[in-house]
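Enquirer: I'm passing along coords06.pdb; it holds PDB, C-alpha atoms (C1' of nucleotides).
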```
ATOM      1  CA  MET L   1       2.908 -12.810  30.585
ATOM      2  CA  ALA L   2       2.953  -9.782  28.362
ATOM      3  CA  VAL L   3       1.030  -7.225  30.315
ATOM      4  CA  THR L   4       1.158  -4.034  28.313
ATOM      5  CA  ARG L   5       2.093  -0.997  30.321
ATOM      6  CA  ARG L   6       1.123   2.523  29.515
ATOM      7  CA  THR L   7       4.167   4.739  29.189
ATOM      8  CA  LYS L   8       4.671   8.405  28.406
ATOM      9  CA  GLN L   9       6.600   7.493  25.285
ATOM     10  CA  ARG L  10       3.865   5.324  23.843
ATOM     11  CA  GLU L  11       1.197   7.891  24.620
ATOM     12  CA  ALA L  12       3.236  10.612  22.972
ATOM     13  CA  ILE L  13       3.770   8.538  19.845
ATOM     14  CA  LEU L  14       0.059   7.778  19.564
ATOM     15  CA  GLU L  15      -0.761  11.406  20.163
ATOM     16  CA  VAL L  16       1.457  12.566  17.303
ATOM     17  CA  LEU L  17       0.022   9.940  14.991
ATOM     18  CA  LYS L  18      -3.534  10.937  15.836
ATOM     19  CA  ASN L  19      -2.808  14.564  15.075
ATOM     20  CA  THR L  20      -1.358  13.987  11.627
ATOM     21  CA  ASP L  21      -3.459  13.326   8.596
ATOM     22  CA  CYS L  22      -0.870  12.316   6.063
ATOM     23  CA  HIS L  23       0.643   9.192   7.421
ATOM     24  CA  PRO L  24       4.134   9.779   8.729
ATOM     25  CA  THR L  25       7.300   7.704   8.906
ATOM     26  CA  ALA L  26       8.813   6.494  12.154
ATOM     27  CA  ASN L  27      11.522   9.094  11.865
ATOM     28  CA  TRP L  28       9.079  11.939  11.380
ATOM     29  CA  ILE L  29       7.174  10.844  14.487
ATOM     30  CA  TYR L  30      10.458  10.612  16.355
ATOM     31  CA  GLU L  31      11.391  14.194  15.462
ATOM     32  CA  ARG L  32       8.016  15.411  16.670
ATOM     33  CA  VAL L  33       8.005  13.512  19.944
ATOM     34  CA  LYS L  34      11.563  14.610  20.617
ATOM     35  CA  GLU L  35      10.424  18.215  20.829
ATOM     36  CA  ASP L  36       8.672  17.436  24.117
ATOM     37  CA  MET L  37      10.815  14.491  25.130
ATOM     38  CA  PRO L  38      14.381  15.135  24.122
ATOM     39  CA  HIS L  39      15.705  11.792  25.372
ATOM     40  CA  ILE L  40      13.363   9.464  23.529
ATOM     41  CA  SER L  41      15.205   7.185  21.149
ATOM     42  CA  LEU L  42      14.377   6.208  17.600
ATOM     43  CA  GLY L  43      14.535   2.557  18.612
ATOM     44  CA  THR L  44      11.707   3.121  21.064
ATOM     45  CA  VAL L  45       9.596   4.736  18.385
ATOM     46  CA  TYR L  46      10.104   1.755  16.096
ATOM     47  CA  ARG L  47       9.432  -0.702  18.898
ATOM     48  CA  ASP L  48       6.274   1.031  20.007
ATOM     49  CA  LEU L  49       4.909   1.453  16.513
ATOM     50  CA  LYS L  50       5.454  -2.243  15.861
ATOM     51  CA  MET L  51       3.741  -3.150  19.107
ATOM     52  CA  LEU L  52       0.782  -0.839  18.486
ATOM     53  CA  ALA L  53       0.415  -2.315  15.022
ATOM     54  CA  ARG L  54       0.518  -5.861  16.406
ATOM     55  CA  ARG L  55      -2.167  -4.916  18.899
ATOM     56  CA  GLY L  56      -4.277  -3.493  16.072
ATOM     57  CA  GLU L  57      -4.311   0.038  17.456
ATOM     58  CA  ILE L  58      -2.609   1.458  14.384
ATOM     59  CA  LEU L  59      -1.862   0.363  10.839
ATOM     60  CA  GLU L  60       1.522  -0.091   9.267
ATOM     61  CA  ILE L  61       1.128   0.857   5.620
ATOM     62  CA  ASP L  62       3.096  -1.808   3.879
ATOM     63  CA  PHE L  63       2.858  -0.340   0.455
ATOM     64  CA  THR L  64       5.083   1.202  -2.112
ATOM     65  CA  SER L  65       8.654   1.394  -0.998
ATOM     66  CA  ASN L  66      10.500   2.321   2.142
ATOM     67  CA  PRO L  67      10.267   3.760   4.687
ATOM     68  CA  SER L  68       7.113   2.383   6.334
ATOM     69  CA  ARG L  69       4.241   4.744   7.041
ATOM     70  CA  TYR L  70       1.849   4.535   9.956
ATOM     71  CA  ASP L  71      -1.846   5.250  10.119
ATOM     72  CA  CYS L  72      -4.180   5.391  13.101
ATOM     73  CA  ASN L  73      -7.177   4.713  10.881
ATOM     74  CA  THR L  74      -7.310   0.931  11.180
ATOM     75  CA  GLY L  75     -10.396   0.326   9.061
ATOM     76  CA  SER L  76      -9.947  -0.994   5.543
ATOM     77  CA  HIS L  77      -9.384   1.914   3.164
ATOM     78  CA  TYR L  78      -7.301   3.069   0.215
ATOM     79  CA  HIS L  79      -4.422   5.526   0.000
ATOM     80  CA  PHE L  80      -3.191   8.195  -2.350
ATOM     81  CA  ARG L  81       0.497   9.014  -2.609
ATOM     82  CA  CYS L  82       1.591  12.339  -4.019
ATOM     83  CA  LEU L  83       4.513  11.795  -6.370
ATOM     84  CA  LYS L  84       5.827  15.297  -5.748
ATOM     85  CA  CYS L  85       5.712  15.748  -1.978
ATOM     86  CA  ASP L  86       5.595  12.020  -1.164
ATOM     87  CA  ARG L  87       2.840  12.457   1.399
ATOM     88  CA  ILE L  88       0.155   9.820   1.786
ATOM     89  CA  PHE L  89      -3.537  10.609   2.148
ATOM     90  CA  ASP L  90      -6.609   8.533   2.879
ATOM     91  CA  VAL L  91      -8.979   8.050  -0.016
ATOM     92  CA  ASP L  92     -12.673   7.947   0.774
ATOM     93  CA  GLU L  93     -13.570   5.400  -1.891
ATOM     94  CA  LYS L  94     -15.710   2.361  -1.176
ATOM     95  CA  VAL L  95     -13.549  -0.744  -0.695
ATOM     96  CA  ASN L  96     -14.373  -3.297  -3.368
ATOM     97  CA  THR L  97     -14.590  -6.702  -1.701
ATOM     98  CA  GLU L  98     -16.267  -8.297  -4.695
ATOM     99  CA  ILE L  99     -13.052  -8.082  -6.692
ATOM    100  CA  ASP L 100     -11.327 -10.424  -4.226
ATOM    101  CA  ARG L 101     -13.970 -13.083  -4.789
ATOM    102  CA  GLN L 102     -13.702 -12.546  -8.519
ATOM    103  CA  VAL L 103      -9.945 -13.066  -8.562
ATOM    104  CA  SER L 104     -10.365 -16.109  -6.328
ATOM    105  CA  ARG L 105     -12.773 -17.599  -8.845
ATOM    106  CA  ASN L 106     -10.529 -16.871 -11.814
ATOM    107  CA  THR L 107      -7.213 -17.967 -10.329
ATOM    108  CA  GLY L 108      -8.011 -20.547  -7.690
ATOM    109  CA  PHE L 109      -5.910 -18.547  -5.233
ATOM    110  CA  ASN L 110      -7.496 -17.935  -1.874
ATOM    111  CA  VAL L 111      -7.633 -14.133  -1.966
ATOM    112  CA  LEU L 112      -8.015 -12.653   1.501
ATOM    113  CA  TYR L 113      -7.782  -8.927   0.781
ATOM    114  CA  HIS L 114      -6.120  -6.403  -1.483
ATOM    115  CA  CYS L 115      -4.026  -3.258  -1.168
ATOM    116  CA  LEU L 116      -4.727  -0.359  -3.465
ATOM    117  CA  GLU L 117      -2.698   2.825  -3.722
ATOM    118  CA  PHE L 118      -3.391   5.701  -6.085
ATOM    119  CA  HIS L 119      -0.482   7.766  -7.358
ATOM    120  CA  GLY L 120      -0.525  11.289  -8.711
ATOM    121  CA  VAL L 121      -0.245  14.910  -7.663
ATOM    122  CA  CYS L 122      -2.005  16.293  -4.598
ATOM    123  CA  LEU L 123      -3.929  19.575  -4.494
ATOM    124  CA  GLU L 124      -1.194  21.676  -2.913
ATOM    125  CA  CYS L 125       1.414  20.438  -5.323
ATOM    126  CA  GLN L 126      -0.857  21.181  -8.276
ATOM    127  CA  LYS L 127      -1.165  24.800  -7.160
ATOM    128  CA  LYS L 128       2.301  25.682  -5.956
ATOM    129  CA  ASP L 129       3.415  23.659  -8.929
ATOM    130  CA  SER L 130       6.953  23.103  -7.802
ATOM    131  CA  LEU L 131       9.206  21.245  -5.443
ATOM    132  CA  ILE L 132       8.345  22.782  -2.122
ATOM    133  CA  TYR L 133       7.831  19.507  -0.349
ATOM    134  CA  LYS L 134      10.508  17.528  -1.996
ATOM    135  CA  ASP L 135      12.566  17.226   1.194
ATOM    136  CA  SER L 136       9.704  16.698   3.578
ATOM    137  CA  LYS L 137       9.849  13.179   4.937
ATOM    138  CA  ASN L 138       6.466  12.838   6.605
TER
ATOM    139  CA  MET Y 139      26.429  10.251 -23.965
ATOM    140  CA  ALA Y 140      25.076   7.119 -22.380
ATOM    141  CA  VAL Y 141      25.199   4.605 -25.164
ATOM    142  CA  THR Y 142      23.951   1.350 -23.742
ATOM    143  CA  ARG Y 143      26.154  -1.580 -24.491
ATOM    144  CA  ARG Y 144      25.076  -5.157 -24.665
ATOM    145  CA  THR Y 145      26.951  -7.277 -22.165
ATOM    146  CA  LYS Y 146      26.847 -10.934 -21.213
ATOM    147  CA  GLN Y 147      25.844 -10.016 -17.685
ATOM    148  CA  ARG Y 148      22.852  -7.950 -18.715
ATOM    149  CA  GLU Y 149      21.694 -10.593 -21.172
ATOM    150  CA  ALA Y 150      21.992 -13.280 -18.526
ATOM    151  CA  ILE Y 151      19.999 -11.235 -16.029
ATOM    152  CA  LEU Y 152      17.242 -10.595 -18.554
ATOM    153  CA  GLU Y 153      17.235 -14.243 -19.518
ATOM    154  CA  VAL Y 154      16.706 -15.391 -15.942
ATOM    155  CA  LEU Y 155      13.947 -12.853 -15.463
ATOM    156  CA  LYS Y 156      12.166 -13.957 -18.614
ATOM    157  CA  ASN Y 157      12.228 -17.576 -17.538
ATOM    158  CA  THR Y 158      10.681 -17.022 -14.138
ATOM    159  CA  ASP Y 159       7.004 -16.496 -13.657
ATOM    160  CA  CYS Y 160       6.863 -15.415 -10.055
ATOM    161  CA  HIS Y 161       8.782 -12.230  -9.895
ATOM    162  CA  PRO Y 162      12.142 -12.673  -8.218
ATOM    163  CA  THR Y 163      14.327 -10.496  -6.025
ATOM    164  CA  ALA Y 164      17.704  -9.162  -7.121
ATOM    165  CA  ASN Y 165      19.427 -11.680  -4.900
ATOM    166  CA  TRP Y 166      17.527 -14.616  -6.341
ATOM    167  CA  ILE Y 167      18.468 -13.524  -9.848
ATOM    168  CA  TYR Y 168      22.058 -13.138  -8.709
ATOM    169  CA  GLU Y 169      22.164 -16.708  -7.377
ATOM    170  CA  ARG Y 170      20.815 -18.020 -10.658
ATOM    171  CA  VAL Y 171      23.130 -16.055 -12.920
ATOM    172  CA  LYS Y 172      26.069 -17.010 -10.735
ATOM    173  CA  GLU Y 173      25.601 -20.646 -11.687
ATOM    174  CA  ASP Y 174      26.791 -19.857 -15.211
ATOM    175  CA  MET Y 175      28.878 -16.821 -14.375
ATOM    176  CA  PRO Y 176      30.590 -17.367 -11.052
ATOM    177  CA  HIS Y 177      32.295 -13.972 -10.982
ATOM    178  CA  ILE Y 178      29.266 -11.748 -11.461
ATOM    179  CA  SER Y 179      28.681  -9.468  -8.505
ATOM    180  CA  LEU Y 180      25.486  -8.588  -6.720
ATOM    181  CA  GLY Y 181      26.198  -4.920  -7.331
ATOM    182  CA  THR Y 182      26.091  -5.535 -11.064
ATOM    183  CA  VAL Y 183      22.754  -7.268 -10.782
ATOM    184  CA  TYR Y 184      21.319  -4.306  -8.909
ATOM    185  CA  ARG Y 185      22.833  -1.825 -11.341
ATOM    186  CA  ASP Y 186      21.567  -3.658 -14.391
ATOM    187  CA  LEU Y 187      18.097  -4.194 -13.004
ATOM    188  CA  LYS Y 188      17.840  -0.481 -12.211
ATOM    189  CA  MET Y 189      19.025   0.425 -15.687
ATOM    190  CA  LEU Y 190      16.655  -2.006 -17.396
ATOM    191  CA  ALA Y 191      13.822  -0.596 -15.318
ATOM    192  CA  ARG Y 192      14.795   2.968 -16.222
ATOM    193  CA  ARG Y 193      14.804   1.996 -19.883
ATOM    194  CA  GLY Y 194      11.364   0.448 -19.479
ATOM    195  CA  GLU Y 195      12.482  -3.046 -20.420
ATOM    196  CA  ILE Y 196      11.433  -4.474 -17.082
ATOM    197  CA  LEU Y 197       9.296  -3.407 -14.165
ATOM    198  CA  GLU Y 198      10.401  -2.885 -10.602
ATOM    199  CA  ILE Y 199       7.457  -3.892  -8.472
ATOM    200  CA  ASP Y 200       7.323  -1.115  -5.942
ATOM    201  CA  PHE Y 201       4.826  -2.758  -3.735
ATOM    202  CA  THR Y 202       4.581  -4.250  -0.310
ATOM    203  CA  SER Y 203       7.824  -4.217   1.607
ATOM    204  CA  ASN Y 204      11.399  -5.126   0.874
ATOM    205  CA  PRO Y 205      13.133  -6.562  -1.005
ATOM    206  CA  SER Y 206      12.141  -5.255  -4.444
ATOM    207  CA  ARG Y 207      10.768  -7.663  -7.010
ATOM    208  CA  TYR Y 208      11.287  -7.480 -10.749
ATOM    209  CA  ASP Y 209       8.946  -8.298 -13.597
ATOM    210  CA  CYS Y 210       9.575  -8.479 -17.327
ATOM    211  CA  ASN Y 211       5.894  -7.923 -18.053
ATOM    212  CA  THR Y 212       5.891  -4.148 -18.417
ATOM    213  CA  GLY Y 213       2.231  -3.668 -19.305
ATOM    214  CA  SER Y 214      -0.109  -2.390 -16.621
ATOM    215  CA  HIS Y 215      -1.376  -5.320 -14.574
ATOM    216  CA  TYR Y 216      -2.102  -6.459 -11.034
ATOM    217  CA  HIS Y 217      -0.233  -8.810  -8.730
ATOM    218  CA  PHE Y 218      -1.034 -11.472  -6.211
ATOM    219  CA  ARG Y 219       1.277 -12.176  -3.289
ATOM    220  CA  CYS Y 220       1.102 -15.482  -1.475
ATOM    221  CA  LEU Y 221       1.316 -14.865   2.261
ATOM    222  CA  LYS Y 222       2.788 -18.316   2.855
ATOM    223  CA  CYS Y 223       5.504 -18.712   0.244
ATOM    224  CA  ASP Y 224       5.913 -14.995  -0.431
ATOM    225  CA  ARG Y 225       5.951 -15.450  -4.187
ATOM    226  CA  ILE Y 226       4.331 -12.912  -6.471
ATOM    227  CA  PHE Y 227       2.140 -13.824  -9.439
ATOM    228  CA  ASP Y 228       0.536 -11.837 -12.234
ATOM    229  CA  VAL Y 229      -3.218 -11.504 -12.053
ATOM    230  CA  ASP Y 230      -5.107 -11.518 -15.301
ATOM    231  CA  GLU Y 231      -7.778  -9.061 -14.235
ATOM    232  CA  LYS Y 232      -8.829  -6.094 -16.350
ATOM    233  CA  VAL Y 233      -7.137  -2.896 -15.124
ATOM    234  CA  ASN Y 234      -9.770  -0.437 -13.976
ATOM    235  CA  THR Y 235      -8.825   2.991 -15.314
ATOM    236  CA  GLU Y 236     -12.218   4.463 -14.563
ATOM    237  CA  ILE Y 237     -11.507   4.349 -10.833
ATOM    238  CA  ASP Y 238      -8.617   6.792 -11.268
ATOM    239  CA  ARG Y 239     -10.911   9.354 -12.890
ATOM    240  CA  GLN Y 240     -13.466   8.770 -10.177
ATOM    241  CA  VAL Y 241     -10.983   9.415  -7.372
ATOM    242  CA  SER Y 242      -9.724  12.469  -9.251
ATOM    243  CA  ARG Y 243     -13.255  13.849  -9.351
ATOM    244  CA  ASN Y 244     -13.912  13.155  -5.688
ATOM    245  CA  THR Y 245     -10.625  14.392  -4.256
ATOM    246  CA  GLY Y 246      -9.307  16.969  -6.678
ATOM    247  CA  PHE Y 247      -6.012  15.094  -6.740
ATOM    248  CA  ASN Y 248      -4.555  14.466 -10.153
ATOM    249  CA  VAL Y 249      -4.591  10.668 -10.126
ATOM    250  CA  LEU Y 250      -2.229   9.221 -12.722
ATOM    251  CA  TYR Y 251      -2.477   5.495 -11.993
ATOM    252  CA  HIS Y 252      -2.928   3.019  -9.200
ATOM    253  CA  CYS Y 253      -1.160  -0.024  -7.788
ATOM    254  CA  LEU Y 254      -3.209  -3.010  -6.713
ATOM    255  CA  GLU Y 255      -1.924  -6.106  -4.985
ATOM    256  CA  PHE Y 256      -4.025  -9.059  -3.870
ATOM    257  CA  HIS Y 257      -2.927 -11.031  -0.833
ATOM    258  CA  GLY Y 258      -3.822 -14.572   0.086
ATOM    259  CA  VAL Y 259      -2.729 -18.185  -0.343
ATOM    260  CA  CYS Y 260      -1.613 -19.569  -3.707
ATOM    261  CA  LEU Y 261      -2.689 -22.912  -5.150
ATOM    262  CA  GLU Y 262       0.389 -24.886  -4.162
ATOM    263  CA  CYS Y 263       0.311 -23.606  -0.611
ATOM    264  CA  GLN Y 264      -3.359 -24.465  -0.300
ATOM    265  CA  LYS Y 265      -2.634 -28.077  -1.227
ATOM    266  CA  LYS Y 266       0.615 -28.826   0.530
ATOM    267  CA  ASP Y 267      -0.889 -26.783   3.300
ATOM    268  CA  SER Y 268       2.320 -26.115   5.141
ATOM    269  CA  LEU Y 269       5.495 -24.121   5.143
ATOM    270  CA  ILE Y 270       7.438 -25.649   2.319
ATOM    271  CA  TYR Y 271       8.245 -22.371   0.663
ATOM    272  CA  LYS Y 272       8.744 -20.291   3.703
ATOM    273  CA  ASP Y 273      12.488 -19.895   3.109
ATOM    274  CA  SER Y 274      12.323 -19.450  -0.625
ATOM    275  CA  LYS Y 275      13.265 -15.924  -1.470
ATOM    276  CA  ASN Y 276      12.222 -15.700  -5.106
TER
ATOM    277  C1'  DC U 277       9.409  -6.114  44.093
ATOM    278  C1'  DT U 278       9.527  -7.794  39.381
ATOM    279  C1'  DA U 279       8.363  -7.673  34.711
ATOM    280  C1'  DT U 280       8.104  -4.529  31.152
ATOM    281  C1'  DT U 281      10.036  -0.729  28.747
ATOM    282  C1'  DT U 282      13.572   2.456  27.852
ATOM    283  C1'  DG U 283      18.002   4.542  25.883
ATOM    284  C1'  DC U 284      21.894   3.563  23.597
ATOM    285  C1'  DA U 285      24.699   1.573  20.339
ATOM    286  C1'  DA U 286      25.802  -2.080  17.568
ATOM    287  C1'  DA U 287      24.148  -5.096  14.024
ATOM    288  C1'  DC U 288      21.082  -6.061  10.418
ATOM    289  C1'  DG U 289      19.314  -6.676   5.387
ATOM    290  C1'  DC U 290      18.815  -4.587   1.154
ATOM    291  C1'  DT U 291      20.646  -1.335  -1.919
ATOM    292  C1'  DT U 292      23.807   2.123  -3.786
ATOM    293  C1'  DT U 293      28.335   4.008  -4.709
ATOM    294  C1'  DG U 294      33.459   4.894  -5.574
ATOM    295  C1'  DC U 295      37.285   3.331  -7.547
ATOM    296  C1'  DC U 296      39.903   1.052 -10.539
ATOM    297  C1'  DT U 297      40.316  -2.607 -14.031
ATOM    298  C1'  DG U 298      38.372  -4.864 -18.006
ATOM    299  C1'  DA U 299      35.331  -5.007 -22.102
ATOM    300  C1'  DT U 300      32.826  -3.053 -26.134
ATOM    301  C1'  DT U 301      32.324  -0.264 -29.936
TER
ATOM    302  C1'  DA Z 302      41.366   4.912 -28.318
ATOM    303  C1'  DA Z 303      37.590   6.428 -25.797
ATOM    304  C1'  DT Z 304      33.870   5.282 -23.151
ATOM    305  C1'  DC Z 305      30.938   2.289 -20.898
ATOM    306  C1'  DA Z 306      30.275  -1.577 -17.683
ATOM    307  C1'  DG Z 307      32.026  -4.780 -14.340
ATOM    308  C1'  DG Z 308      34.026  -6.523  -9.797
ATOM    309  C1'  DC Z 309      34.856  -5.596  -5.304
ATOM    310  C1'  DA Z 310      34.354  -3.592  -1.024
ATOM    311  C1'  DA Z 311      32.800   0.109   1.665
ATOM    312  C1'  DA Z 312      29.079   2.995   2.857
ATOM    313  C1'  DG Z 313      24.176   4.058   2.916
ATOM    314  C1'  DC Z 314      19.531   3.834   4.740
ATOM    315  C1'  DG Z 315      15.719   2.166   7.336
ATOM    316  C1'  DT Z 316      15.016  -1.042  10.797
ATOM    317  C1'  DT Z 317      15.842  -4.439  14.525
ATOM    318  C1'  DT Z 318      18.153  -6.172  18.590
ATOM    319  C1'  DG Z 319      21.065  -7.007  22.964
ATOM    320  C1'  DC Z 320      21.853  -5.230  27.188
ATOM    321  C1'  DA Z 321      21.987  -2.704  31.415
ATOM    322  C1'  DA Z 322      19.428   0.872  33.751
ATOM    323  C1'  DA Z 323      14.926   2.939  34.646
ATOM    324  C1'  DT Z 324      10.097   2.614  35.617
ATOM    325  C1'  DA Z 325       5.121   1.139  35.841
ATOM    326  C1'  DG Z 326       2.051  -1.626  38.278
TER
END
```
Transcribe the structure of this file into structure tokens.
Expert:
Amino acid sequence: MAVTRRTKQREAILEVLKNTDCHPTANWIYERVKEDMPHISLGTVYRDLKMLARRGEILEIDFTSNPSRYDCNTGSHYHFRCLKCDRIFDVDEKVNTEIDRQVSRNTGFNVLYHCLEFHGVCLECQKKDSLIYKDSKN
Amino acid sequence: MAVTRRTKQREAILEVLKNTDCHPTANWIYERVKEDMPHISLGTVYRDLKMLARRGEILEIDFTSNPSRYDCNTGSHYHFRCLKCDRIFDVDEKVNTEIDRQVSRNTGFNVLYHCLEFHGVCLECQKKDSLIYKDSKN
DNA sequence: CTATTTGCAAACGCTTTGCCTGATT
DNA sequence: AATCAGGCAAAGCGTTTGCAAATAG
């Protein structure tokens, strides 16, 4: 009954995720892991990310648009997406739990949590004010 | 140069969207329009929705996961997604623009706007506490 | 040894696109 | 008449899945 084994592949995927600060896509992780492990398959990366997310070890950022991003910071927090380079950063802003109760009161819905994503232009893209990152898929 | 024509199809799509309060998917709109217009194609629905969104007549809700949802309320506002029936509702909560400035100050990012989505259980699903809507795709 | 996990490739769901015909101005 | 929009079907992308072989415990 579902004993979870520790495999090189899974460790490698976690390792890459832990060493990235702007939350990557499955494909980006795959490309990285492949450098050390040429035979790993994209399917495995997807499967392992899903499993790790189910086990609560990582977070699947189910926000604006495809593809999914992954985050090893599992605490409740907000994100910022740069509209130029499309990278996602953590935002160190206090999570407002009061607003959930407020919306519950006003609507009658049972609000459990909320997702908040800020959009704009990141520091690097403000400086090098152009399109440098436009093809980066991380 | 790109003169936009008024067509039956586009009118019908807009009409369906205006008469729905929980923001539907392209496919749901397609099924509805097809009742009156059996030969309309799904591709047309996608094309028209994209065009209407580009023109600012409707909103493509670029939030949690696929498929995309559409909204004819183009003003800035928040959404609530029911985790049971998967429908999306407008939330009549004041949009907090101050928080964007605050995050800008703290991070240096140029924050332009934010997206906020509340998740929980809607009124109907609280009452009929089961899975009635689980296959509805609107 | 046996259940879990992998690699691979095929299938998936949603969306976009190319091409040609039909409609609108 | 000229151009824009539609229908259809094929292709696209990110993701999931079936299966036989490999591997962790």
Enquirer: Using the chain letters and residue numbers of this document, give as a list of chain:residue names the residues selected by the PyMOL selection byres ((chain Z and resi 312) around 10).
Expert: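 In the shown coordinates, the PyMOL selection byres ((chain Z and resi 312) around 10) covers U:DT292, U:DT293, U:DG294, Z:DA310, Z:DA311, Z:DG313, Z:DC314.
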Enquirer: For the residues in the current selection, export C-alpha atoms (C1' of nucleotides) as a short mmCIF file (atom, residue, chain, number, x, y, z; two decimals), keeping the file's coordinate frame.
Expert:
```cif
data_model
loop_
_atom_site.label_atom_id
_atom_site.label_comp_id
_atom_site.auth_asym_id
_atom_site.auth_seq_id
_atom_site.Cartn_x
_atom_site.Cartn_y
_atom_site.Cartn_z
"C1'" DT U 292 23.81 2.12 -3.79
"C1'" DT U 293 28.34 4.01 -4.71
"C1'" DG U 294 33.46 4.89 -5.57
"C1'" DA Z 310 34.35 -3.59 -1.02
"C1'" DA Z 311 32.80 0.11 1.66
"C1'" DG Z 313 24.18 4.06 2.92
"C1'" DC Z 314 19.53 3.83 4.74
#
```
Enquirer: Please, which residues in chain Y fall within 12 Å of chain L when counting all atoms listed in the file, and what is the closest atom pair and distance in Å to one decimal for each, ordered by chain then residue number, as a tab-separated table?
Expert:
```
residue	atom	partner	partner_atom	distance
Y:Glu198	CA	L:Ser65	CA	10.7
Y:Ile199	CA	L:Thr64	CA	8.5
Y:Asp200	CA	L:Thr64	CA	5.0
Y:Phe201	CA	L:Thr64	CA	4.3
Y:Thr202	CA	L:Phe63	CA	4.3
Y:Ser203	CA	L:Asp62	CA	5.8
Y:Asn204	CA	L:Ser65	CA	7.3
Y:Pro205	CA	L:Ser65	CA	9.1
Y:Ser206	CA	L:Ser65	CA	8.3
Y:Arg207	CA	L:Ser65	CA	11.1
Y:Tyr216	CA	L:Leu116	CA	10.1
Y:His217	CA	L:His114	CA	9.6
Y:Phe218	CA	L:Val111	CA	8.3
Y:Arg219	CA	L:Val111	CA	9.2
Y:Cys220	CA	L:Phe109	CA	8.5
Y:Leu221	CA	L:Leu112	CA	9.6
Y:Lys222	CA	L:Asn110	CA	11.3
Y:Ile226	CA	L:Phe109	CA	11.8
Y:Phe227	CA	L:Phe109	CA	10.2
Y:Asp228	CA	L:Thr107	CA	10.1
Y:Val229	CA	L:Val103	CA	7.7
Y:Asp230	CA	L:Asn106	CA	8.4
Y:Glu231	CA	L:Val103	CA	7.3
Y:Lys232	CA	L:Val103	CA	10.5
Y:Val233	CA	L:Ile99	CA	11.5
Y:Asn234	CA	L:Ile99	CA	11.1
Y:Thr235	CA	L:Phe118	CA	11.0
Y:Ile237	CA	L:Glu93	CA	9.2
Y:Asp238	CA	L:Phe118	CA	7.4
Y:Arg239	CA	L:Phe118	CA	10.8
Y:Gln240	CA	L:Glu93	CA	8.9
Y:Val241	CA	L:Glu93	CA	7.3
Y:Ser242	CA	L:Gly120	CA	9.3
Y:Arg243	CA	L:Glu93	CA	11.3
Y:Asn244	CA	L:Asp92	CA	8.4
Y:Thr245	CA	L:Val91	CA	7.8
Y:Gly246	CA	L:Leu123	CA	6.4
Y:Phe247	CA	L:Cys122	CA	4.7
Y:Asn248	CA	L:Val121	CA	5.0
Y:Val249	CA	L:Gly120	CA	4.3
Y:Leu250	CA	L:Gly120	CA	4.8
Y:Tyr251	CA	L:His119	CA	5.5
Y:His252	CA	L:Phe118	CA	4.1
Y:Cys253	CA	L:Glu117	CA	5.2
Y:Leu254	CA	L:Leu116	CA	4.5
Y:Glu255	CA	L:Cys115	CA	5.2
Y:Phe256	CA	L:His114	CA	4.1
Y:His257	CA	L:Tyr113	CA	5.5
Y:Gly258	CA	L:Val111	CA	4.4
Y:Val259	CA	L:Asn110	CA	5.0
Y:Cys260	CA	L:Phe109	CA	4.7
Y:Leu261	CA	L:Phe109	CA	5.4
Y:Glu262	CA	L:Phe109	CA	9.0
Y:Cys263	CA	L:Phe109	CA	9.3
Y:Gln264	CA	L:Asn110	CA	7.9
Y:Lys265	CA	L:Phe109	CA	10.8
```
Enquirer: Please list as a list in words every residue within 10 Å of DT324 of chain Z, counting all atoms listed in the file and excluding residues in the same chain fewer than 2 positions away.
Expert: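 The residues that qualify are Thr7 of chain L; DT280, DT281 and DT282 of chain U; DA322 and DG326 of chain Z.
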Enquirer: From the list L:Thr20, L:Asn27, L:Ile58, L:Gly75, which residue is nearest Ile40 of chain L when using all atoms listed in the file?
Expert: L:Asn27
Enquirer: Once the PyMOL selection byres ((chain L and resi 23) around 6) has been applied to the shown file, what residues remain in the selection, as a compact mmCIF listing (two decimals) with C-alpha atoms, in the frame of the given file?
Expert:
```txt
# COMPACT_ATOMS: atom_id res chain seq x y z
CA ASP L 21 -3.46 13.33 8.60
CA CYS L 22 -0.87 12.32 6.06
CA PRO L 24 4.13 9.78 8.73
CA ARG L 69 4.24 4.74 7.04
CA TYR L 70 1.85 4.54 9.96
CA ASP L 71 -1.85 5.25 10.12
CA ILE L 88 0.16 9.82 1.79
```
Enquirer: With the PyMOL selection byres ((chain U and resi 285) around 12) as the selection, what would be picked from this file? Answer as a list in words, please.
Expert: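 Written out, the selection comes to Ser41, Leu42 and Gly43 of chain L; DG283, DC284, DA286 and DA287 of chain U; DT318, DG319 and DC320 of chain Z.
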Enquirer: Within 10 Å of chain U, which residues of chain L come that close, and what is the closest atom pair and distance in Å for each? Count only C-alpha atoms (C1' of nucleotides) and give it as a tab-separated table.
Expert:
```
residue	atom	partner	partner_atom	distance
L:Met1	CA	U:DA279	C1'	8.6
L:Ala2	CA	U:DT280	C1'	7.9
L:Val3	CA	U:DT280	C1'	7.6
L:Thr4	CA	U:DT280	C1'	7.5
L:Arg5	CA	U:DT280	C1'	7.0
L:Arg6	CA	U:DT281	C1'	9.5
L:Thr7	CA	U:DT281	C1'	8.0
L:Gln9	CA	U:DT282	C1'	9.0
L:Arg10	CA	U:DT281	C1'	9.9
L:His39	CA	U:DG283	C1'	7.6
L:Ile40	CA	U:DG283	C1'	7.2
L:Ser41	CA	U:DG283	C1'	6.1
L:Leu42	CA	U:DG283	C1'	9.2
L:Gly43	CA	U:DG283	C1'	8.3
L:Thr44	CA	U:DT282	C1'	7.1
L:Arg47	CA	U:DT281	C1'	9.9
L:Asp48	CA	U:DT281	C1'	9.7
```
Enquirer: Just checking: using all atoms listed in the file, which residue out of L:Leu14, L:Leu59, L:Ala26, L:Cys85 ends up closest to chain Z?
Expert: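 Answer, going by the shortest atom-to-atom distance: L:Ala26.
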